[in-house]
Protein chains: 2
Amino acid sequence: MSGTRDRLIEATAELFRRQGYHGTGVKQIVETARAPFGSMYHFFPAGKEELGAETIRRSGAIFGQLIGYFYAAGTDPVAATRMFFDAAAQTVHESDYADACPIATVALEVASMSEPLRLATAEVFESWLTTLDTHLVEAGLTKTQARKLSVSLFSLLEGSFILARATRDHTHVRAAGRAAAAAVRTALEKRATRRADPAERFPESRRSPAT
Amino acid sequence: MSGTRDRLIEATAELFRRQGYHGTGVKQIVETARAPFGSMYHFFPAGKEELGAETIRRSGAIFGQLIGYFYAAGTDPVAATRMFFDAAAQTVHESDYADACPIATVALEVASMSEPLRLATAEVFESWLTTLDTHLVEAGLTKTQARKLSVSLFSLLEGSFILARATRDHTHVRAAGRAAAAAVRTALEKRATRRADPAERFPESRRSPAT
DNA sequence: GTCTATAATTTGATAGAC
DNA sequence: GTCTATCAAATTATAGAC
């Protein structure tokens with residue numbers, strides 16, 4: 001059917017990832033997509049903002065699937081974390097520091113500028129956190145523990161993406177991945193400890209002198 | 001003398017933080033700074049890019065001083081981390097999710113677009129890491145340990161800023177701060193352990209069955 | 001649905017009077 | 001150094017033929 005619409009979104013996604021929302025012009029989008037100018041406003045009557053929202057959701061879904069692929073059911077969360085960050089670091093490096101998070105740049109740009117676009121980025125991020133939550137809960141964490149850890153994993157990834165792209169040093173993403181894996185391991189150990197040692201349910205007991 | 005130049009930079013800094021580089025027009029800058037249009041090109045002959053680079057360095061220096069204030073000599077790094085993230089979360093909240101990192105948006109925007117601006121952001125980030133490194137080394141970590149931890153602290157802060165602004169939930173920054181403080185505490189404990197127990201210098205020994 | 005021409009506005013930047 | 005008028009180009013968006 002209308003492959004043009006898809007090409008427009010794919011082209012926009014690629015340009016947004018590298019240049020952000022305001023750094024990408026509509027003209028550049030239709031040129032990249034090899035689509036006629038008028039088709040853009042045919043498929044997206046509300047213009048750039050509508051195309052932007054659609055692109056954010058599409059890019060977010062794809063990246064979310066990638067997260068789900070690494071954090072698949074039955075996979076060790078510690079290993080998954082290490083592998084995911086390492087793969088991300090490799091992609092950042094191989095793309096010459098162009099391809100990191102597909103929507104982070106746009107998210108920061110529109111956070112205080114466009115409520116529809118901000119909402120789209122928020123929904124995407126929330127879906128990523130939910131994916132991580134689910135897997136961490138399967139691994140034994142409570143929902144509260146899982147959510148806190150998911151926020152840390154998200155932050156370590158996104159923050160290290162910023163640092164890597166700015167300094168052109170992808171090892172920052174690997175380093176953040178090591179810290180992330182350690183955080184996951186610690187969280188899982190705490191769970192194991194609590195289950196194995198009921199006394200640990202009383203935090204006050206930890207105030208006793210170290211052995 | 002020329003307060004006009006300073007006002008231009010200050011206005012640009014404020015606009016960049018909220019709207020990014022491409023989302024901020026030169027006209028808007030001079031209006032915000034209440035400066036005549038011509039003055040901009042008088043003080044910054046190379047135009048927006050030159051003003052942008054100057055602004056990145058200025059904003060970066062101010063935020064770097066803030067980091068140095070929290071991580072002052074003699075301060076407990078764990079407490080400093082918790083307090084810094086909490087203060088950041090509060091600022092994000094009180095500014096209605098407008099004021100987070102002063103240069104992160106610009107850093108992502110220009111990473112693949114302008115080498116002079118990218119370099120400015122890289123230098124700023126590097127200076128922040130160095131400030132953190134110094135304090136962590138004073139607290140007893142090796143340079144290698146300190147740098148890894150600094151990258152994690154940076155990433156947790158920047159990543160949680162993205163999440164907080166997108167979702168309009170500043171508690172994400174607090175949560176990341178808790179994880180950051182925990183990472184600092186763990187790193188310092190490892191240091192203490194190694195100093196107290198020379199056997200720990202041989203990682204292989206940890207492979208022995210748990211007691 | 002496709003494509004071109006063009007409108008309307010905004011962009012970064014300059015010239016030149018004061 | 002200040003300020004205005006203005007430029008050329010790029011921006012988003014529309015109209016209308018095909």
# chains A, B, ... in the order shown; residues from 1 in each chain; ligands from 1

call {"tool": "closest_atom_pairs", "arguments": {"of": "chain C", "to": "region 35-59 of chain B", "cutoff": "12 Å", "atoms": "only C-alpha atoms (C1' of nucleotides)", "output": "tab-separated table"}}
result
residue	atom	partner	partner_atom	distance
C:DT11	C1'	B:Lys48	CA	11.3
C:DG12	C1'	B:Lys48	CA	7.7
C:DA13	C1'	B:Gly47	CA	7.7
C:DT14	C1'	B:Gly38	CA	9.3
C:DA15	C1'	B:Gly38	CA	10.5
C:DG16	C1'	B:Gly38	CA	11.3

call {"tool": "write_last_selection", "arguments": {"atoms": "C-alpha atoms (C1' of nucleotides)", "output": "tab-separated table (two decimals), in the first residue's frame"}}
result
chain	number	residue	atom	x	y	z
C	11	DT	C1'	16.10	32.02	10.02
C	12	DG	C1'	21.03	33.65	10.42
C	13	DA	C1'	23.55	37.42	8.86
C	14	DT	C1'	25.00	42.27	6.92
C	15	DA	C1'	25.19	47.31	5.79
C	16	DG	C1'	25.42	51.58	7.18

call {"tool": "select_by_dssp", "arguments": {"residues": "region 41-209 of chain A", "states": "alpha helix (DSSP H)", "output": "ChimeraX atom specification"}}
result
/A:41-43,48-70,77-94,104-110,115-138,143-167,171-196

call {"tool": "closest_atom_pairs", "arguments": {"of": "chain D", "to": "chain B", "cutoff": "9 Å", "atoms": "only C-alpha atoms (C1' of nucleotides)", "output": "tab-separated table"}}
result
residue	atom	partner	partner_atom	distance
D:DG1	C1'	B:Ser39	CA	7.7
D:DT2	C1'	B:Pro36	CA	6.9
D:DC3	C1'	B:Pro36	CA	6.1
D:DT4	C1'	B:Phe37	CA	8.9

call {"tool": "interface_residues", "arguments": {"of": "chain B", "to": "chain A", "cutoff": "6 Å", "atoms": "only C-alpha atoms", "output": "MDAnalysis selection string"}}
result
chainID B and resid 19:20 22:23 105 108:109 111 118 122 152 155:156 158:160 165:167 176

call {"tool": "interface_residues", "arguments": {"of": "chain C", "to": "chain A", "cutoff": "10 Å", "atoms": "only C-alpha atoms (C1' of nucleotides)", "output": "PyMOL selection string"}}
result
chain C and resi 1-4

call {"tool": "write_last_selection", "arguments": {"atoms": "N, CA, C and O atoms (P, O5', C5', C4', C3', O3' and C1' of nucleotides)", "output": "compact mmCIF listing (two decimals), in the first residue's frame"}}
result
# COMPACT_ATOMS: atom_id res chain seq x y z
P DG C 1 -3.86 6.14 0.12
O5' DG C 1 -2.87 6.57 -1.05
C5' DG C 1 -3.33 7.57 -1.96
C4' DG C 1 -2.29 7.69 -3.02
C3' DG C 1 -1.03 8.43 -2.56
O3' DG C 1 0.09 7.87 -3.22
C1' DG C 1 -2.08 9.69 -4.25
P DT C 2 1.59 8.46 -3.03
O5' DT C 2 1.79 9.43 -4.27
C5' DT C 2 1.73 8.89 -5.59
C4' DT C 2 2.08 9.95 -6.62
C3' DT C 2 3.39 10.70 -6.35
O3' DT C 2 4.18 10.71 -7.54
C1' DT C 2 1.65 12.24 -6.71
P DC C 3 5.76 11.03 -7.35
O5' DC C 3 5.78 12.61 -7.60
C5' DC C 3 5.41 13.10 -8.91
C4' DC C 3 5.10 14.58 -8.85
C3' DC C 3 6.23 15.47 -8.33
O3' DC C 3 6.91 16.04 -9.44
C1' DC C 3 4.03 16.22 -7.70
P DT C 4 8.11 17.04 -9.15
O5' DT C 4 7.42 18.47 -9.35
C5' DT C 4 6.50 18.65 -10.43
C4' DT C 4 5.92 20.05 -10.36
C3' DT C 4 6.93 21.15 -10.03
O3' DT C 4 6.74 22.24 -10.91
C1' DT C 4 5.14 21.23 -8.50

call {"tool": "residues_around", "arguments": {"residues": "DT14 (chain D)", "least_positions_apart": "2", "cutoff": "10 Å", "atoms": "only C-alpha atoms (C1' of nucleotides)", "output": "PyMOL selection string"}}
result
(chain A and resi 38+41) or (chain C and resi 6-8) or (chain D and resi 12+16)

call {"tool": "atom_distance", "arguments": {"atom1": "CA of Leu132 (chain A)", "atom2": "CA of Tyr71 (chain A)"}}
result
7.2 Å

call {"tool": "atom_distance", "arguments": {"atom1": "CA of Gln145 (chain A)", "atom2": "CA of Gln90 (chain A)"}}
result
29.3 Å

call {"tool": "residues_around", "arguments": {"residues": "Gly140 (chain A)", "least_positions_apart": "4", "cutoff": "8 Å", "atoms": "only C-alpha atoms (C1' of nucleotides)", "output": "list in words"}}
result
Leu136, Leu188 and Arg191 of chain A

call {"tool": "atom_distance", "arguments": {"atom1": "CA of Val184 (chain A)", "atom2": "CA of His93 (chain B)"}}
result
28.2 Å

call {"tool": "residues_around", "arguments": {"residues": "Ile67 (chain B)", "least_positions_apart": "4", "cutoff": "10 Å", "atoms": "only C-alpha atoms (C1' of nucleotides)", "output": "ChimeraX atom specification"}}
result
/B:61-63,71-72,80-81,84,128-129,131-132

call {"tool": "write_last_selection", "arguments": {"atoms": "C-alpha atoms", "output": "PDB file, in the first residue's frame"}}
result
ATOM      1  CA  ALA B  61      31.817  26.382  34.279  1.00  0.00           C
ATOM      2  CA  ILE B  62      28.912  27.506  36.457  1.00  0.00           C
ATOM      3  CA  PHE B  63      27.482  24.009  36.750  1.00  0.00           C
ATOM      4  CA  TYR B  71      31.861  17.716  46.489  1.00  0.00           C
ATOM      5  CA  ALA B  72      34.035  20.023  48.567  1.00  0.00           C
ATOM      6  CA  ALA B  80      27.572  14.774  48.772  1.00  0.00           C
ATOM      7  CA  THR B  81      26.100  12.552  46.093  1.00  0.00           C
ATOM      8  CA  PHE B  84      23.578  16.915  44.985  1.00  0.00           C
ATOM      9  CA  TRP B 128      33.035  17.867  35.471  1.00  0.00           C
ATOM     10  CA  LEU B 129      34.415  14.340  35.503  1.00  0.00           C
ATOM     11  CA  THR B 131      36.212  17.525  39.485  1.00  0.00           C
ATOM     12  CA  LEU B 132      34.491  14.357  40.628  1.00  0.00           C
TER      13      LEU B 132
END
